[in-house]
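Reproduced below: start-v9.pdb, with PDB, C-alpha atoms, pLDDT in the B column.
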```
ATOM      1  CA  MET O   1     -47.475 102.161 -19.511  1.00 49.00           C
ATOM      2  CA  ASN O   2     -44.558 101.684 -17.097  1.00 51.00           C
ATOM      3  CA  ARG O   3     -44.596  97.887 -17.672  1.00 51.00           C
ATOM      4  CA  LYS O   4     -44.501  98.426 -21.443  1.00 51.00           C
ATOM      5  CA  LEU O   5     -41.535 100.764 -21.127  1.00 43.00           C
ATOM      6  CA  THR O   6     -39.710  98.330 -18.844  1.00 43.00           C
ATOM      7  CA  ALA O   7     -40.357  95.448 -21.257  1.00 45.00           C
ATOM      8  CA  THR O   8     -39.161  97.525 -24.219  1.00 42.00           C
ATOM      9  CA  LEU O   9     -35.992  98.586 -22.420  1.00 42.00           C
ATOM     10  CA  ALA O  10     -35.301  94.993 -21.384  1.00 45.00           C
ATOM     11  CA  SER O  11     -35.738  93.895 -25.004  1.00 46.00           C
ATOM     12  CA  ILE O  12     -33.354  96.594 -26.234  1.00 44.00           C
ATOM     13  CA  ALA O  13     -30.795  95.632 -23.587  1.00 44.00           C
ATOM     14  CA  ALA O  14     -31.004  91.977 -24.620  1.00 42.00           C
ATOM     15  CA  MET O  15     -30.507  92.898 -28.274  1.00 41.00           C
ATOM     16  CA  ALA O  16     -27.539  95.118 -27.397  1.00 39.00           C
ATOM     17  CA  ALA O  17     -25.962  92.320 -25.382  1.00 39.00           C
ATOM     18  CA  THR O  18     -26.390  89.925 -28.315  1.00 35.00           C
ATOM     19  CA  ILE O  19     -24.898  92.398 -30.782  1.00 36.00           C
ATOM     20  CA  GLY O  20     -22.046  93.150 -28.422  1.00 40.00           C
ATOM     21  CA  PHE O  21     -21.334  89.459 -27.987  1.00 36.00           C
ATOM     22  CA  SER O  22     -21.131  88.714 -31.696  1.00 34.00           C
ATOM     23  CA  ALA O  23     -18.957  91.771 -32.338  1.00 35.00           C
ATOM     24  CA  THR O  24     -16.599  90.615 -29.589  1.00 33.00           C
ATOM     25  CA  ALA O  25     -16.465  87.073 -30.984  1.00 36.00           C
ATOM     26  CA  GLU O  26     -15.702  88.371 -34.474  1.00 40.00           C
ATOM     27  CA  ALA O  27     -13.094  90.785 -33.131  1.00 45.00           C
ATOM     28  CA  ALA O  28     -11.117  87.765 -31.916  1.00 54.00           C
ATOM     29  CA  GLY O  29     -10.037  87.292 -35.563  1.00 73.00           C
ATOM     30  CA  PRO O  30      -7.817  84.569 -36.935  1.00 92.00           C
ATOM     31  CA  PRO O  31      -6.197  82.130 -34.490  1.00 95.00           C
ATOM     32  CA  CYS O  32      -2.662  82.387 -35.919  1.00 97.00           C
ATOM     33  CA  GLY O  33       0.490  84.149 -34.847  1.00 95.00           C
ATOM     34  CA  ALA O  34       1.796  87.416 -36.264  1.00 96.00           C
ATOM     35  CA  GLN O  35       4.425  85.588 -38.339  1.00 97.00           C
ATOM     36  CA  ALA O  36       1.730  83.841 -40.454  1.00 98.00           C
ATOM     37  CA  LYS O  37       1.125  85.203 -43.957  1.00 98.00           C
ATOM     38  CA  ALA O  38      -1.688  82.665 -44.369  1.00 98.00           C
ATOM     39  CA  CYS O  39      -3.842  81.286 -41.572  1.00 98.00           C
ATOM     40  CA  LEU O  40      -6.199  78.314 -41.813  1.00 98.00           C
ATOM     41  CA  LYS O  41      -8.662  77.176 -39.154  1.00 97.00           C
ATOM     42  CA  LEU O  42      -9.797  73.666 -40.090  1.00 98.00           C
ATOM     43  CA  SER O  43     -12.756  73.470 -37.686  1.00 96.00           C
ATOM     44  CA  ALA O  44     -14.216  76.675 -39.140  1.00 96.00           C
ATOM     45  CA  ASN O  45     -13.364  75.948 -42.807  1.00 97.00           C
ATOM     46  CA  THR O  46     -11.931  79.463 -42.935  1.00 97.00           C
ATOM     47  CA  ALA O  47      -8.672  80.996 -44.148  1.00 98.00           C
ATOM     48  CA  TRP O  48      -7.093  84.440 -43.930  1.00 98.00           C
ATOM     49  CA  LEU O  49      -4.247  86.301 -45.576  1.00 98.00           C
ATOM     50  CA  MET O  50      -2.239  88.244 -43.013  1.00 98.00           C
ATOM     51  CA  ASP O  51       0.494  90.857 -42.766  1.00 97.00           C
ATOM     52  CA  ASN O  52       2.232  91.281 -39.391  1.00 96.00           C
ATOM     53  CA  GLY O  53      -0.809  89.946 -37.534  1.00 95.00           C
ATOM     54  CA  LYS O  54      -3.327  92.079 -39.432  1.00 96.00           C
ATOM     55  CA  VAL O  55      -5.918  90.540 -41.758  1.00 97.00           C
ATOM     56  CA  THR O  56      -5.546  91.598 -45.384  1.00 98.00           C
ATOM     57  CA  ARG O  57      -8.180  89.192 -46.764  1.00 98.00           C
ATOM     58  CA  GLY O  58     -10.741  86.980 -45.099  1.00 95.00           C
ATOM     59  CA  GLY O  59     -11.873  85.015 -43.403  1.00 96.00           C
ATOM     60  CA  VAL O  60     -12.771  83.268 -46.616  1.00 98.00           C
ATOM     61  CA  PRO O  61     -14.600  79.943 -46.921  1.00 98.00           C
ATOM     62  CA  VAL O  62     -12.550  76.859 -47.761  1.00 98.00           C
ATOM     63  CA  THR O  63     -12.916  73.108 -47.914  1.00 98.00           C
ATOM     64  CA  VAL O  64     -10.138  70.889 -46.626  1.00 98.00           C
ATOM     65  CA  GLY O  65      -9.064  67.254 -46.620  1.00 97.00           C
ATOM     66  CA  LYS O  66     -11.362  64.276 -46.233  1.00 96.00           C
ATOM     67  CA  PRO O  67     -10.958  62.229 -43.027  1.00 96.00           C
ATOM     68  CA  LYS O  68      -8.889  59.693 -45.003  1.00 96.00           C
ATOM     69  CA  TYR O  69      -6.705  62.544 -46.378  1.00 96.00           C
ATOM     70  CA  PRO O  70      -6.602  65.191 -43.625  1.00 98.00           C
ATOM     71  CA  THR O  71      -5.054  68.599 -44.132  1.00 98.00           C
ATOM     72  CA  PRO O  72      -2.022  68.644 -41.824  1.00 98.00           C
ATOM     73  CA  VAL O  73      -1.907  70.877 -38.746  1.00 98.00           C
ATOM     74  CA  GLY O  74       1.213  72.891 -38.001  1.00 98.00           C
ATOM     75  CA  THR O  75       3.411  75.721 -39.179  1.00 98.00           C
ATOM     76  CA  PHE O  76       4.750  75.443 -42.720  1.00 98.00           C
ATOM     77  CA  ARG O  77       6.464  77.588 -45.331  1.00 98.00           C
ATOM     78  CA  VAL O  78       5.347  78.164 -48.910  1.00 98.00           C
ATOM     79  CA  GLN O  79       7.466  75.807 -51.040  1.00 98.00           C
ATOM     80  CA  TYR O  80       6.519  76.897 -54.566  1.00 98.00           C
ATOM     81  CA  LYS O  81       3.634  78.090 -56.726  1.00 98.00           C
ATOM     82  CA  ASP O  82       2.179  76.775 -60.003  1.00 98.00           C
ATOM     83  CA  ILE O  83      -0.605  78.672 -61.740  1.00 98.00           C
ATOM     84  CA  ASP O  84      -1.658  75.695 -63.931  1.00 98.00           C
ATOM     85  CA  HIS O  85      -0.790  72.672 -61.812  1.00 98.00           C
ATOM     86  CA  TYR O  86      -2.319  69.306 -62.707  1.00 97.00           C
ATOM     87  CA  SER O  87      -2.355  66.479 -60.160  1.00 95.00           C
ATOM     88  CA  LYS O  88      -1.188  63.253 -61.771  1.00 94.00           C
ATOM     89  CA  GLN O  89      -1.893  61.429 -58.508  1.00 92.00           C
ATOM     90  CA  PHE O  90      -5.548  62.511 -58.282  1.00 90.00           C
ATOM     91  CA  HIS O  91      -6.109  63.241 -62.004  1.00 92.00           C
ATOM     92  CA  GLY O  92      -7.354  66.788 -61.757  1.00 94.00           C
ATOM     93  CA  PRO O  93      -6.504  70.433 -62.317  1.00 97.00           C
ATOM     94  CA  MET O  94      -5.299  72.538 -59.375  1.00 98.00           C
ATOM     95  CA  PRO O  95      -5.307  76.118 -60.698  1.00 98.00           C
ATOM     96  CA  TYR O  96      -3.504  78.817 -58.720  1.00 98.00           C
ATOM     97  CA  SER O  97      -1.645  76.308 -56.523  1.00 98.00           C
ATOM     98  CA  VAL O  98       0.434  77.522 -53.587  1.00 98.00           C
ATOM     99  CA  PHE O  99       2.227  74.483 -52.135  1.00 98.00           C
ATOM    100  CA  PHE O 100       3.079  74.725 -48.449  1.00 98.00           C
ATOM    101  CA  THR O 101       4.141  71.191 -47.494  1.00 98.00           C
ATOM    102  CA  ASN O 102       6.711  68.834 -48.980  1.00 95.00           C
ATOM    103  CA  THR O 103       3.921  66.248 -49.407  1.00 95.00           C
ATOM    104  CA  GLY O 104       1.999  68.205 -52.060  1.00 96.00           C
ATOM    105  CA  VAL O 105      -0.589  70.048 -49.958  1.00 98.00           C
ATOM    106  CA  ALA O 106      -1.581  73.387 -51.457  1.00 98.00           C
ATOM    107  CA  PHE O 107      -4.078  76.203 -51.441  1.00 98.00           C
ATOM    108  CA  HIS O 108      -5.764  76.135 -54.855  1.00 98.00           C
ATOM    109  CA  GLN O 109      -8.973  76.859 -56.693  1.00 98.00           C
ATOM    110  CA  GLY O 110     -11.459  74.057 -56.101  1.00 98.00           C
ATOM    111  CA  SER O 111     -14.974  73.131 -55.101  1.00 97.00           C
ATOM    112  CA  LEU O 112     -16.242  74.615 -51.854  1.00 98.00           C
ATOM    113  CA  LYS O 113     -18.719  71.717 -51.629  1.00 97.00           C
ATOM    114  CA  VAL O 114     -16.316  68.782 -51.980  1.00 95.00           C
ATOM    115  CA  GLN O 115     -13.537  67.845 -49.564  1.00 97.00           C
ATOM    116  CA  SER O 116     -10.046  67.367 -50.976  1.00 97.00           C
ATOM    117  CA  HIS O 117      -7.201  64.898 -50.674  1.00 96.00           C
ATOM    118  CA  GLY O 118      -5.541  67.203 -48.131  1.00 97.00           C
ATOM    119  CA  CYS O 119      -5.406  70.446 -50.092  1.00 98.00           C
ATOM    120  CA  VAL O 120      -7.272  73.650 -49.283  1.00 98.00           C
ATOM    121  CA  HIS O 121      -9.958  74.530 -51.835  1.00 98.00           C
ATOM    122  CA  LEU O 122     -10.648  78.220 -52.410  1.00 98.00           C
ATOM    123  CA  SER O 123     -13.067  80.092 -54.684  1.00 98.00           C
ATOM    124  CA  HIS O 124     -11.557  81.424 -57.919  1.00 98.00           C
ATOM    125  CA  ALA O 125     -11.205  84.987 -56.574  1.00 98.00           C
ATOM    126  CA  ASP O 126      -9.676  83.823 -53.286  1.00 98.00           C
ATOM    127  CA  ALA O 127      -7.305  81.388 -55.032  1.00 98.00           C
ATOM    128  CA  VAL O 128      -6.056  84.219 -57.253  1.00 98.00           C
ATOM    129  CA  ALA O 129      -5.557  86.453 -54.192  1.00 98.00           C
ATOM    130  CA  PHE O 130      -3.655  83.744 -52.266  1.00 98.00           C
ATOM    131  CA  PHE O 131      -1.551  82.973 -55.365  1.00 98.00           C
ATOM    132  CA  ASN O 132      -0.709  86.644 -55.974  1.00 98.00           C
ATOM    133  CA  THR O 133       0.023  87.411 -52.301  1.00 98.00           C
ATOM    134  CA  LEU O 134       1.991  84.424 -51.010  1.00 98.00           C
ATOM    135  CA  ARG O 135       5.677  83.964 -51.833  1.00 98.00           C
ATOM    136  CA  PRO O 136       8.071  81.046 -51.298  1.00 98.00           C
ATOM    137  CA  GLY O 137       9.243  81.108 -47.694  1.00 98.00           C
ATOM    138  CA  ASP O 138       6.080  82.772 -46.328  1.00 98.00           C
ATOM    139  CA  VAL O 139       4.673  81.173 -43.172  1.00 98.00           C
ATOM    140  CA  VAL O 140       1.411  79.210 -43.375  1.00 98.00           C
ATOM    141  CA  GLN O 141      -0.143  78.259 -40.060  1.00 98.00           C
ATOM    142  CA  VAL O 142      -2.855  75.564 -39.881  1.00 98.00           C
ATOM    143  CA  VAL O 143      -4.798  75.060 -36.655  1.00 98.00           C
ATOM    144  CA  ARG O 144      -7.664  72.775 -35.717  1.00 96.00           C
TER
END
```
As structure tokens:
Amino acid sequence: MNRKLTATLASIAAMAATIGFSATAEAAGPPCGAQAKACLKLSANTAWLMDNGKVTRGGVPVTVGKPKYPTPVGTFRVQYKDIDHYSKQFHGPMPYSVFFTNTGVAFHQGSLKVQSHGCVHLSHADAVAFFNTLRPGDVVQVVR
């Protein structure tokens, strides 16, 4: 009986350690500074909306640029928004676009299964939220 109890307690301790570890990892949150209104982690295909360092939405799944058209890393500012943008260069709709580079890179509604030409694809609901939240001049931080 004592061996069974010891084994059970050891199992519970291992489970608690695992749960504690994942909660700690998740608590780390987005990798961007407090000035960022939008945060994007390329290696995790995840984005967040932020307000003074606190998450207001996310992390949400995204797809980013293909290797030939990588999404740029750095700190940017929202340039402008266009709810019904159409890319003449890549011949496709970009609904709920929030442009944050001067080279045409934007958050917008797009496929979460297909990489882009540098833009950040979001689901419809997330694209609407990013569009409605972000304003010209807001900081967008993109990290690897």
Produce the centre coordinates and the three edge lengths, each in Å to one decimal, of the box along x, y and z that contains all listed atoms of stretch 101-107 of chain O with 8 Å added on each side, as JSON.
```
{"center_x": 1.3, "center_y": 71.2, "center_z": -49.8, "size_x": 26.8, "size_y": 26.0, "size_z": 20.6}
```
- prompt: Between O:Ala36, O:Tyr96, O:Thr71, O:Asp84, which is the closest to O:Gly137 once you count all atoms listed in the file?
  reply: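 Among the listed residues, the smallest separation from O:Gly137 belongs to O:Ala36.
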message: So that I can see what lies close to O:Gln79, please list as an NGL selection string the residues with an atom at most 7 Å from it, counting all atoms listed in the file and leaving out residues fewer than 5 positions away in the same chain.
response: :O and (99-101 or 136-137)
Atomic separation - atom CA of O:Asn102 relative to atom CA of O:Gly74, Å: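 According to the coordinates, atom CA of O:Gly74 and atom CA of O:Asn102 are separated by 12.9 Å.
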Proximity check stretch 21-86 of chain O to stretch 110-132 of chain O, 12 Å, nearest pairs one decimal Å, only C-alpha atoms, as JSON lines:
```
{"residue": "O:Lys37", "atom": "CA", "partner": "O:Phe130", "partner_atom": "CA", "distance": 9.7}
{"residue": "O:Ala38", "atom": "CA", "partner": "O:Phe130", "partner_atom": "CA", "distance": 8.2}
{"residue": "O:Cys39", "atom": "CA", "partner": "O:Phe130", "partner_atom": "CA", "distance": 11.0}
{"residue": "O:Leu40", "atom": "CA", "partner": "O:Val120", "partner_atom": "CA", "distance": 8.9}
{"residue": "O:Lys41", "atom": "CA", "partner": "O:Val120", "partner_atom": "CA", "distance": 10.8}
{"residue": "O:Leu42", "atom": "CA", "partner": "O:Val120", "partner_atom": "CA", "distance": 9.5}
{"residue": "O:Asn45", "atom": "CA", "partner": "O:Val120", "partner_atom": "CA", "distance": 9.2}
{"residue": "O:Thr46", "atom": "CA", "partner": "O:Leu122", "partner_atom": "CA", "distance": 9.6}
{"residue": "O:Ala47", "atom": "CA", "partner": "O:Leu122", "partner_atom": "CA", "distance": 8.9}
{"residue": "O:Trp48", "atom": "CA", "partner": "O:Phe130", "partner_atom": "CA", "distance": 9.0}
{"residue": "O:Leu49", "atom": "CA", "partner": "O:Phe130", "partner_atom": "CA", "distance": 7.2}
{"residue": "O:Met50", "atom": "CA", "partner": "O:Phe130", "partner_atom": "CA", "distance": 10.4}
{"residue": "O:Thr56", "atom": "CA", "partner": "O:Ala129", "partner_atom": "CA", "distance": 10.2}
{"residue": "O:Arg57", "atom": "CA", "partner": "O:Ala129", "partner_atom": "CA", "distance": 8.3}
{"residue": "O:Gly58", "atom": "CA", "partner": "O:Asp126", "partner_atom": "CA", "distance": 8.8}
{"residue": "O:Gly59", "atom": "CA", "partner": "O:Asp126", "partner_atom": "CA", "distance": 10.2}
{"residue": "O:Val60", "atom": "CA", "partner": "O:Asp126", "partner_atom": "CA", "distance": 7.4}
{"residue": "O:Pro61", "atom": "CA", "partner": "O:Leu122", "partner_atom": "CA", "distance": 7.0}
{"residue": "O:Val62", "atom": "CA", "partner": "O:Leu122", "partner_atom": "CA", "distance": 5.2}
{"residue": "O:Thr63", "atom": "CA", "partner": "O:His121", "partner_atom": "CA", "distance": 5.1}
{"residue": "O:Val64", "atom": "CA", "partner": "O:Val120", "partner_atom": "CA", "distance": 4.8}
{"residue": "O:Gly65", "atom": "CA", "partner": "O:Gly118", "partner_atom": "CA", "distance": 3.8}
{"residue": "O:Lys66", "atom": "CA", "partner": "O:Gln115", "partner_atom": "CA", "distance": 5.3}
{"residue": "O:Pro67", "atom": "CA", "partner": "O:His117", "partner_atom": "CA", "distance": 8.9}
{"residue": "O:Lys68", "atom": "CA", "partner": "O:His117", "partner_atom": "CA", "distance": 7.9}
{"residue": "O:Tyr69", "atom": "CA", "partner": "O:His117", "partner_atom": "CA", "distance": 4.9}
{"residue": "O:Pro70", "atom": "CA", "partner": "O:Gly118", "partner_atom": "CA", "distance": 5.0}
{"residue": "O:Thr71", "atom": "CA", "partner": "O:Gly118", "partner_atom": "CA", "distance": 4.3}
{"residue": "O:Pro72", "atom": "CA", "partner": "O:Gly118", "partner_atom": "CA", "distance": 7.4}
{"residue": "O:Val73", "atom": "CA", "partner": "O:Gly118", "partner_atom": "CA", "distance": 10.7}
{"residue": "O:Val78", "atom": "CA", "partner": "O:Phe131", "partner_atom": "CA", "distance": 10.6}
{"residue": "O:Tyr80", "atom": "CA", "partner": "O:Phe131", "partner_atom": "CA", "distance": 10.1}
{"residue": "O:Lys81", "atom": "CA", "partner": "O:Phe131", "partner_atom": "CA", "distance": 7.3}
{"residue": "O:Asp82", "atom": "CA", "partner": "O:Phe131", "partner_atom": "CA", "distance": 8.6}
{"residue": "O:Ile83", "atom": "CA", "partner": "O:Phe131", "partner_atom": "CA", "distance": 7.7}
{"residue": "O:Asp84", "atom": "CA", "partner": "O:Phe131", "partner_atom": "CA", "distance": 11.2}
```
message: Would you compute the distance between atom CA of O:Val105 and atom CA of O:Val55? Give it in Å to one decimal.
response: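 Computed distance, atom CA of O:Val105 to atom CA of O:Val55, equals 22.7 Å.
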message: When the PyMOL selection byres ((chain O and resi 34) around 7) is applied to the structure above, which residues does it catch, written out as a ChimeraX atom specification?
response: /O:32-33,35-36,52-53
- request: Could you check how far atom CA of O:Val98 sits from atom CA of O:Arg135, in Å to one decimal?
  value: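 Result for atom CA of O:Val98 versus atom CA of O:Arg135: 8.5 Å, one decimal.
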task: Name the closest residue to O:Pro31 among the candidates O:Ala106, O:Met94, O:Leu134, O:Val142; distances are taken between atoms, counting all atoms listed in the file.
output: O:Val142
Which of O:Gln141, O:Gln109, O:Gly104, O:Asp51 sits closest to O:Phe90 [using only C-alpha atoms]: O:Gly104
Could stretch 70-88 of chain O be completed with N, CA, C and O atoms and returned as a compact mmCIF listing (two decimals), keeping the file's coordinate frame?
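Final output, saved to selection-v4.txt:
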```
# COMPACT_ATOMS: atom_id res chain seq x y z
N PRO O 70 -6.45 63.93 -44.37
CA PRO O 70 -6.60 65.19 -43.62
C PRO O 70 -5.56 66.24 -44.02
O PRO O 70 -4.42 65.91 -44.36
N THR O 71 -5.98 67.48 -43.97
CA THR O 71 -5.05 68.60 -44.13
C THR O 71 -4.19 68.66 -42.87
O THR O 71 -4.74 68.65 -41.76
N PRO O 72 -2.88 68.69 -43.01
CA PRO O 72 -2.02 68.64 -41.82
C PRO O 72 -2.08 69.93 -41.00
O PRO O 72 -2.26 71.02 -41.54
N VAL O 73 -1.95 69.77 -39.69
CA VAL O 73 -1.91 70.88 -38.75
C VAL O 73 -0.45 71.21 -38.46
O VAL O 73 0.38 70.31 -38.35
N GLY O 74 -0.14 72.48 -38.35
CA GLY O 74 1.21 72.89 -38.00
C GLY O 74 1.59 74.20 -38.65
O GLY O 74 0.76 74.90 -39.24
N THR O 75 2.86 74.52 -38.56
CA THR O 75 3.41 75.72 -39.18
C THR O 75 4.31 75.28 -40.32
O THR O 75 5.20 74.44 -40.14
N PHE O 76 4.06 75.84 -41.49
CA PHE O 76 4.75 75.44 -42.72
C PHE O 76 5.28 76.69 -43.42
O PHE O 76 4.99 77.81 -43.00
N ARG O 77 6.01 76.48 -44.48
CA ARG O 77 6.46 77.59 -45.33
C ARG O 77 6.06 77.29 -46.77
O ARG O 77 6.11 76.13 -47.20
N VAL O 78 5.68 78.33 -47.49
CA VAL O 78 5.35 78.16 -48.91
C VAL O 78 6.58 77.60 -49.60
O VAL O 78 7.68 78.13 -49.48
N GLN O 79 6.38 76.48 -50.32
CA GLN O 79 7.47 75.81 -51.04
C GLN O 79 7.62 76.38 -52.45
O GLN O 79 8.71 76.76 -52.85
N TYR O 80 6.51 76.37 -53.20
CA TYR O 80 6.52 76.90 -54.57
C TYR O 80 5.08 77.13 -55.01
O TYR O 80 4.14 76.74 -54.33
N LYS O 81 4.95 77.78 -56.17
CA LYS O 81 3.63 78.09 -56.73
C LYS O 81 3.58 77.60 -58.17
O LYS O 81 4.60 77.56 -58.85
N ASP O 82 2.38 77.22 -58.62
CA ASP O 82 2.18 76.78 -60.00
C ASP O 82 0.78 77.19 -60.43
O ASP O 82 -0.21 76.66 -59.92
N ILE O 83 0.69 78.12 -61.35
CA ILE O 83 -0.60 78.67 -61.74
C ILE O 83 -1.50 77.65 -62.46
O ILE O 83 -2.71 77.72 -62.36
N ASP O 84 -0.89 76.69 -63.16
CA ASP O 84 -1.66 75.69 -63.93
C ASP O 84 -1.32 74.27 -63.53
O ASP O 84 -1.18 73.39 -64.39
N HIS O 85 -1.19 74.01 -62.26
CA HIS O 85 -0.79 72.67 -61.81
C HIS O 85 -1.87 71.64 -62.14
O HIS O 85 -3.07 71.92 -62.08
N TYR O 86 -1.42 70.44 -62.48
CA TYR O 86 -2.32 69.31 -62.71
C TYR O 86 -1.83 68.15 -61.84
O TYR O 86 -0.66 67.77 -61.90
N SER O 87 -2.72 67.59 -61.03
CA SER O 87 -2.36 66.48 -60.16
C SER O 87 -2.40 65.18 -60.94
O SER O 87 -3.48 64.73 -61.35
N LYS O 88 -1.24 64.57 -61.13
CA LYS O 88 -1.19 63.25 -61.77
C LYS O 88 -1.71 62.19 -60.81
O LYS O 88 -2.36 61.23 -61.23
```
